[in-house]
Each structure stands twice: as structure tokens, then as C-alpha cells.
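> This is the structure I have questions about; it appears just below.
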Amino acid sequence: MEATEEFLSTAYTPMRIGKSVADARARISRQAAGPLSADRLSFGFDMAYDAESLGRVCLISLHAGTLVDRTGGEETVFGPGETFLIAPPDAPYRGEVRSARYTIAMFDSSLLDAAGAREVDTRGRAPLRLTGLRTVDEAANRQLGAAVAYVRDHVLDNPAACEHDLLLTTAAQHLAAVTLATLPHTARTGPAPADRTDATPVTLRKAIGFIETNAERDISLADIAAAAFVTPRALQYAFRRHLDTTPLAYLRRVRLDAAHRALLAADPSTTTVTEIAMRWGFAHPGHFAGLYRDAYARTPGEALRLQA
């Protein structure tokens, strides 16, 4: 039990485990690279905890057993199949793990603002805050669980993927964006009138120019909006109004086009499809192949072999 407490306190935040058991065996594995970490934990016993604030966004996908949150004196019980926020990044938390097997995924809370969601009011821009632990509905729960599994299985479990900074930051931005789309937060408010007014063709041209010039870099929705001198919401309206897409979907298509050109220029005897896909931020080979086939009516492998 002492070894488990020491590891958890080092890996997450100082915590005290409040229950002693005769058989304290636990299984814990950690993967971390760049701005992301994903851990697998399994406890065959009940364990109470009292922890300080994490300073990061911490998502839990519960596969078996039960987790009970007792922060603030009220009990919230989570069961298998749920993916949820363990606590706001800046708040202490307490509760109990009951014979549970689960995944923990963490990323820096600054990525939430980088994903582009800020509450706009008469005083200017206020930092976004997550306001609830559970997702807004069951579909959102499935979406958030799938995002955690993607980061764990296709990014952090893949040593080759972890060597590509663009892929890691893209995966982190994806997890942050899904977190905002699925959990309650302070930016779930109506748009400001200026956001619709600023959604002009000029805004669109500025944003497209920035994306096409910087697609190989780690850029976020907030970066693109800043380059176009508008809010992230205005930017989203501009892309939806004039191109019927989103800024990040457009960025993904620009990177897909870059991967396409790289495939056509590559030597198939020394280069693989996976290498090129990862270079441009695509961690899942099957997903990349599907996007490529939809765009170019052939598989990426066929495009690479054209040079043979």
C-alpha cells in the first residue's frame, strides 16, 4: 500500500490512501509523451483517497468496478462504461475507488483555451472553466471515451507516433476539443453579435493563408483566430458560412494534401505510408487510409507505389 501511495502521489498529486487491506496488490502502467499521458490502473481492493489539485485536466474511463467522488461532501457514483472528469484542474478532490480497472488520460488545462473556447462578456475574455464531472449526455460519454482510447491505443502506445511532435500536439488538441464538446463549461453560452459580423470572406482569406503557411507547425484554433484578428467563434462561423466546414477540418485537409504530395514524391523502397501519415499528424493508419481514399479515390499505398 505504501508503494502504491508513493507512485500515485508522484504521478498525479500528493494524496493519502485511507484504507489498509491485507492484499494490496495493484497494477499500474504509465505512457507519457509531449503534452499527454495515459495510465492503466487496476485495483482488486477498495481504496479511499484525499488529494490536492492536479493542475491538469484528468479524464477517467472506468472499465470495471466503481469510483465514488465525495468532493464537497456529496457522493457521485460512477460505473463501468463512463468517462468523466475526476475534478476541476485547480480543485482538491476526495473519494473512493472500489475494486476498479480504469484509464486515466491527462493534459495541460491551457489546451482548453488553445482549443478556442472562451466566454465573452462585457469585461472581455474570461478563462474557460469546466463546471461538471459528467458528460452532457450519453452520446457525449461515448465520444469522450473514444477520444481517450484513441490517445491511449493509437498515440501513446505507439513508440513511432511518440517521435512526431506534430502528431502528439494534434492528438492533445483533439482530446481538448472533445473535452469541450462533451463536458459542461462556462463557454456554453450564446455567441456575441460581433462574432457573426466578423465572419466575412476577408476573415476566411486571412485564416486560410495562415493555415496553408503553417500547416506543418503545431497550431490551434486560437492561433488561427488570432492571425485573422477575430474570436474563435467568429472564425468558426466564417468557415461554416462560406465553406461549410470547420477551421480544424480545413487544417486537416491541408495536411492530408501535404501527405498526398509526400506520397507521390517518396521512394517506396525507403519510405512507408505510416511514416508519412505520422509526419503530418495522422496516428491511426486506418483512419488516414479512409480519409485519403475519400479524397483521392485510391489508397495511400497505391499512391506510394506509383513511384515504383
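For the C-alpha cells, the naming scheme is as follows: chains receive sequential letters (A, B, ...) according to their order of presentation, residues are indexed from 1 within each chain, and ligands are indexed from 1 in presentation order.
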Write out as a list of chain:residue names all residues of segment 33-138 of chain A that backbone DSSP assigns to alpha helix (DSSP H).
A:Ser110, A:Leu111, A:Leu112, A:Asp113, A:Ala114, A:Glu138
> I'd like the contact shell of Ile104 of chain A - 9 Å cut-off, only C-alpha atoms, skipping same-chain residues fewer than 4 positions apart - returned as an MDAnalysis selection string.
chainID A and resid 37:41 58:62 148
> Only N, CA and C atoms, please: the residues just picked out, written as a JSON list (two decimals), in the first residue's frame.

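So the final result, stored in out_2.json, reads:
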[["chain", "number", "residue", "atom", "x", "y", "z"],
["A", 37, "SER", "N", -0.53, 12.19, -21.26],
["A", 37, "SER", "CA", -0.21, 10.96, -20.54],
["A", 37, "SER", "C", -1.48, 10.11, -20.47],
["A", 38, "ALA", "N", -1.29, 8.80, -20.45],
["A", 38, "ALA", "CA", -2.40, 7.86, -20.32],
["A", 38, "ALA", "C", -1.92, 6.69, -19.48],
["A", 39, "ASP", "N", -2.64, 6.40, -18.43],
["A", 39, "ASP", "CA", -2.26, 5.34, -17.50],
["A", 39, "ASP", "C", -3.36, 4.30, -17.41],
["A", 40, "ARG", "N", -2.96, 3.06, -17.24],
["A", 40, "ARG", "CA", -3.88, 1.97, -16.94],
["A", 40, "ARG", "C", -3.70, 1.57, -15.49],
["A", 41, "LEU", "N", -4.79, 1.50, -14.74],
["A", 41, "LEU", "CA", -4.73, 1.16, -13.33],
["A", 41, "LEU", "C", -5.74, 0.07, -13.02],
["A", 58, "CYS", "N", -7.87, 15.94, -15.97],
["A", 58, "CYS", "CA", -7.72, 14.49, -15.72],
["A", 58, "CYS", "C", -9.05, 13.81, -16.04],
["A", 59, "LEU", "N", -9.05, 12.97, -17.06],
["A", 59, "LEU", "CA", -10.23, 12.23, -17.50],
["A", 59, "LEU", "C", -10.07, 10.76, -17.13],
["A", 60, "ILE", "N", -11.14, 10.15, -16.67],
["A", 60, "ILE", "CA", -11.12, 8.74, -16.30],
["A", 60, "ILE", "C", -12.14, 7.98, -17.14],
["A", 61, "SER", "N", -11.70, 6.88, -17.75],
["A", 61, "SER", "CA", -12.60, 5.92, -18.39],
["A", 61, "SER", "C", -12.64, 4.70, -17.50],
["A", 62, "LEU", "N", -13.80, 4.41, -16.94],
["A", 62, "LEU", "CA", -13.95, 3.32, -15.97],
["A", 62, "LEU", "C", -14.38, 2.06, -16.70],
["A", 148, "VAL", "N", -10.34, 9.26, -25.47],
["A", 148, "VAL", "CA", -9.35, 8.76, -24.51],
["A", 148, "VAL", "C", -8.71, 7.47, -25.03]]
> Can you work out which one of A:Pro14, A:Leu243, A:Ile28, A:Ala33 has the shortest atom-to-atom distance to Ala51 of chain A, counting only C-alpha atoms?
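Of A:Pro14, A:Leu243, A:Ile28, A:Ala33, the one nearest Ala51 of chain A, counting only C-alpha atoms, is A:Pro14.
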> When distances are computed from only C-alpha atoms, which of A:Leu166, A:Leu175, A:Ala181, A:Ala234 shows the smallest separation from Arg255 of chain A?
A:Leu166
> According to DSSP computed on the backbone, where in segment 122-164 of chain A is there strand (DSSP E or B)? Give the residues as a ChimeraX atom specification.
/A:124-126,130
> How far is it from atom CA of Cys162 of chain A to atom CA of His284 of chain A, in Å with one decimal?
12.6 Å
> So that I can see what lies close to Val68 of chain A, please list as number ranges by chain the residues with an atom at most 6 Å from it, counting only C-alpha atoms and leaving out residues fewer than 6 positions away in the same chain.
A: 76-77, 95-96
> Atom CA of Ala176 of chain A and atom CA of Ala262 of chain A, how far apart in Å?
28.7 Å
> What is the atom CA of Met1 of chain A to atom CA of Ile17 of chain A distance in Å?
8.1 Å
> Residues at most 7 Å from His164 of chain A, counting only C-alpha atoms, excluding those fewer than 4 positions away in the same chain, as a list in words?
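Here the answer would be Leu168, Met278 and Arg279 of chain A.
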> Would you put the residues from that selection into a file with all heavy atoms, as an mmCIF file, in the first residue's frame?

data_model
loop_
_atom_site.group_PDB
_atom_site.id
_atom_site.type_symbol
_atom_site.label_atom_id
_atom_site.label_comp_id
_atom_site.auth_asym_id
_atom_site.auth_seq_id
_atom_site.Cartn_x
_atom_site.Cartn_y
_atom_site.Cartn_z
ATOM 1 N N LEU A 168 1.721 14.394 -31.746
ATOM 2 C CA LEU A 168 1.392 14.472 -30.321
ATOM 3 C C LEU A 168 0.549 15.704 -30.010
ATOM 4 O O LEU A 168 -0.448 15.623 -29.285
ATOM 5 C CB LEU A 168 2.670 14.490 -29.489
ATOM 6 C CG LEU A 168 3.461 13.175 -29.426
ATOM 7 C CD1 LEU A 168 4.818 13.416 -28.764
ATOM 8 C CD2 LEU A 168 2.682 12.112 -28.658
ATOM 9 N N MET A 278 2.244 9.825 -40.137
ATOM 10 C CA MET A 278 2.606 10.332 -38.815
ATOM 11 C C MET A 278 3.303 11.675 -38.903
ATOM 12 O O MET A 278 3.122 12.547 -38.048
ATOM 13 C CB MET A 278 3.488 9.315 -38.086
ATOM 14 C CG MET A 278 2.740 8.085 -37.629
ATOM 15 S SD MET A 278 3.776 6.984 -36.650
ATOM 16 C CE MET A 278 2.584 5.732 -36.200
ATOM 17 N N ARG A 279 4.099 11.875 -39.956
ATOM 18 C CA ARG A 279 4.789 13.150 -40.129
ATOM 19 C C ARG A 279 3.795 14.297 -40.224
ATOM 20 O O ARG A 279 4.072 15.416 -39.791
ATOM 21 C CB ARG A 279 5.651 13.098 -41.393
ATOM 22 C CG ARG A 279 6.521 14.331 -41.608
ATOM 23 C CD ARG A 279 7.162 14.277 -42.984
ATOM 24 N NE ARG A 279 7.790 12.993 -43.257
ATOM 25 C CZ ARG A 279 8.068 12.540 -44.484
ATOM 26 N NH1 ARG A 279 7.768 13.280 -45.546
ATOM 27 N NH2 ARG A 279 8.639 11.360 -44.651
#
> Name the residues in contact with Ala295 of chain A at a cut-off of 9 Å, using only C-alpha atoms, excluding same-chain residues fewer than 5 positions from it; report them as a list of chain:residue names.
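Here the qualifying residues turn out to be A:Arg253, A:Leu256, A:Asp257, A:Gly290.
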> Could the residues in this selection be saved with all heavy atoms as a compact mmCIF listing (two decimals), in the first residue's frame?

# COMPACT_ATOMS: atom_id res chain seq x y z
N ARG A 253 -7.45 18.87 -43.83
CA ARG A 253 -7.41 18.64 -45.27
C ARG A 253 -6.11 19.17 -45.88
O ARG A 253 -5.53 18.55 -46.77
CB ARG A 253 -8.62 19.28 -45.95
CG ARG A 253 -8.63 19.10 -47.48
CD ARG A 253 -8.54 17.62 -47.86
NE ARG A 253 -8.19 17.43 -49.25
CZ ARG A 253 -9.07 17.10 -50.19
NH1 ARG A 253 -10.34 16.94 -49.87
NH2 ARG A 253 -8.67 16.91 -51.42
N LEU A 256 -3.60 16.67 -45.11
CA LEU A 256 -3.81 15.49 -45.96
C LEU A 256 -3.24 15.73 -47.35
O LEU A 256 -2.61 14.84 -47.94
CB LEU A 256 -5.31 15.18 -46.03
CG LEU A 256 -5.70 13.91 -46.80
CD1 LEU A 256 -5.20 12.66 -46.08
CD2 LEU A 256 -7.22 13.85 -46.96
N ASP A 257 -3.44 16.93 -47.89
CA ASP A 257 -2.88 17.26 -49.20
C ASP A 257 -1.35 17.22 -49.16
O ASP A 257 -0.71 16.77 -50.13
CB ASP A 257 -3.33 18.66 -49.63
CG ASP A 257 -4.80 18.70 -50.04
OD1 ASP A 257 -5.38 17.63 -50.29
OD2 ASP A 257 -5.37 19.82 -50.09
N GLY A 290 -8.74 5.88 -44.79
CA GLY A 290 -10.11 6.23 -45.16
C GLY A 290 -10.23 7.65 -45.66
O GLY A 290 -10.90 7.92 -46.67
> Calculated over only C-alpha atoms, which of the candidates A:Arg16, A:Ile276, A:Gln173, A:Val254 has the smallest distance to Thr213 of chain A?
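Ranked by minimum distance to Thr213 of chain A, first place goes to A:Val254.
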> Do a neighbour search on Pro80 of chain A at 9 Å with only C-alpha atoms, toss out local chain neighbours closer than 3 positions, and write the hits as an mmCIF file with N, CA and C atoms, in the first residue's frame.

data_model
loop_
_atom_site.group_PDB
_atom_site.id
_atom_site.type_symbol
_atom_site.label_atom_id
_atom_site.label_comp_id
_atom_site.auth_asym_id
_atom_site.auth_seq_id
_atom_site.Cartn_x
_atom_site.Cartn_y
_atom_site.Cartn_z
ATOM 1 N N SER A 61 -11.696 6.884 -17.754
ATOM 2 C CA SER A 61 -12.597 5.923 -18.393
ATOM 3 C C SER A 61 -12.636 4.699 -17.502
ATOM 4 N N LEU A 62 -13.798 4.411 -16.938
ATOM 5 C CA LEU A 62 -13.946 3.324 -15.969
ATOM 6 C C LEU A 62 -14.384 2.059 -16.700
ATOM 7 N N HIS A 63 -13.563 1.010 -16.616
ATOM 8 C CA HIS A 63 -13.838 -0.233 -17.335
ATOM 9 C C HIS A 63 -14.507 -1.281 -16.449
ATOM 10 N N ALA A 64 -14.212 -1.279 -15.165
ATOM 11 C CA ALA A 64 -14.811 -2.237 -14.231
ATOM 12 C C ALA A 64 -14.761 -1.635 -12.836
ATOM 13 N N GLY A 65 -15.691 -2.047 -11.977
ATOM 14 C CA GLY A 65 -15.715 -1.550 -10.623
ATOM 15 C C GLY A 65 -16.456 -0.228 -10.506
ATOM 16 N N THR A 66 -16.176 0.486 -9.421
ATOM 17 C CA THR A 66 -16.903 1.712 -9.102
ATOM 18 C C THR A 66 -15.936 2.771 -8.597
ATOM 19 N N THR A 83 -17.015 7.770 -18.884
ATOM 20 C CA THR A 83 -15.795 8.579 -18.975
ATOM 21 C C THR A 83 -16.132 9.954 -18.422
ATOM 22 N N ALA A 100 -11.553 -1.419 -8.866
ATOM 23 C CA ALA A 100 -11.795 -0.818 -10.171
ATOM 24 C C ALA A 100 -10.633 -1.036 -11.133
ATOM 25 N N ARG A 101 -10.971 -1.057 -12.411
ATOM 26 C CA ARG A 101 -9.992 -1.059 -13.503
ATOM 27 C C ARG A 101 -10.350 0.118 -14.406
ATOM 28 N N TYR A 102 -9.367 1.002 -14.683
ATOM 29 C CA TYR A 102 -9.707 2.220 -15.398
ATOM 30 C C TYR A 102 -8.484 2.808 -16.101
#
> Might you pull out every residue within 6 Å of Val97 of chain A, with only C-alpha atoms counted and same-chain residues fewer than 6 positions away left off, and present them as an MDAnalysis selection string?
chainID A and resid 46:47 67
> Could you write out the selected residues, including all heavy atoms, as a CSV table (one decimal), in the first residue's frame?

chain,number,residue,atom,x,y,z
A,46,ASP,N,-10.7,-2.0,-2.2
A,46,ASP,CA,-11.3,-0.6,-2.1
A,46,ASP,C,-10.2,0.3,-1.5
A,46,ASP,O,-9.5,-0.1,-0.6
A,46,ASP,CB,-12.5,-0.7,-1.2
A,46,ASP,CG,-13.6,-1.5,-1.8
A,46,ASP,OD1,-13.5,-1.9,-2.9
A,46,ASP,OD2,-14.6,-1.7,-1.1
A,47,MET,N,-10.2,1.5,-2.1
A,47,MET,CA,-9.1,2.5,-1.7
A,47,MET,C,-9.7,3.9,-1.6
A,47,MET,O,-10.2,4.4,-2.6
A,47,MET,CB,-8.0,2.4,-2.7
A,47,MET,CG,-6.9,3.4,-2.5
A,47,MET,SD,-5.6,3.4,-3.8
A,47,MET,CE,-6.6,4.2,-5.1
A,67,LEU,N,-16.2,4.0,-8.9
A,67,LEU,CA,-15.5,5.2,-8.3
A,67,LEU,C,-16.5,6.1,-7.7
A,67,LEU,O,-17.5,6.4,-8.4
A,67,LEU,CB,-14.7,5.9,-9.4
A,67,LEU,CG,-13.7,7.0,-8.8
A,67,LEU,CD1,-12.4,7.0,-9.6
A,67,LEU,CD2,-14.4,8.3,-8.8
> From the options A:Asp165, A:Asp267, A:Asp195, A:Glu74, which residue's atoms come nearest to Arg217 of chain A, counting only C-alpha atoms?
A:Asp165
> Using only C-alpha atoms for the distances, tell me which of A:Leu306, A:Leu221, A:Ala161, A:Leu130 is nearest to Ser269 of chain A.
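Smallest separation from Ser269 of chain A among the options: A:Leu306.
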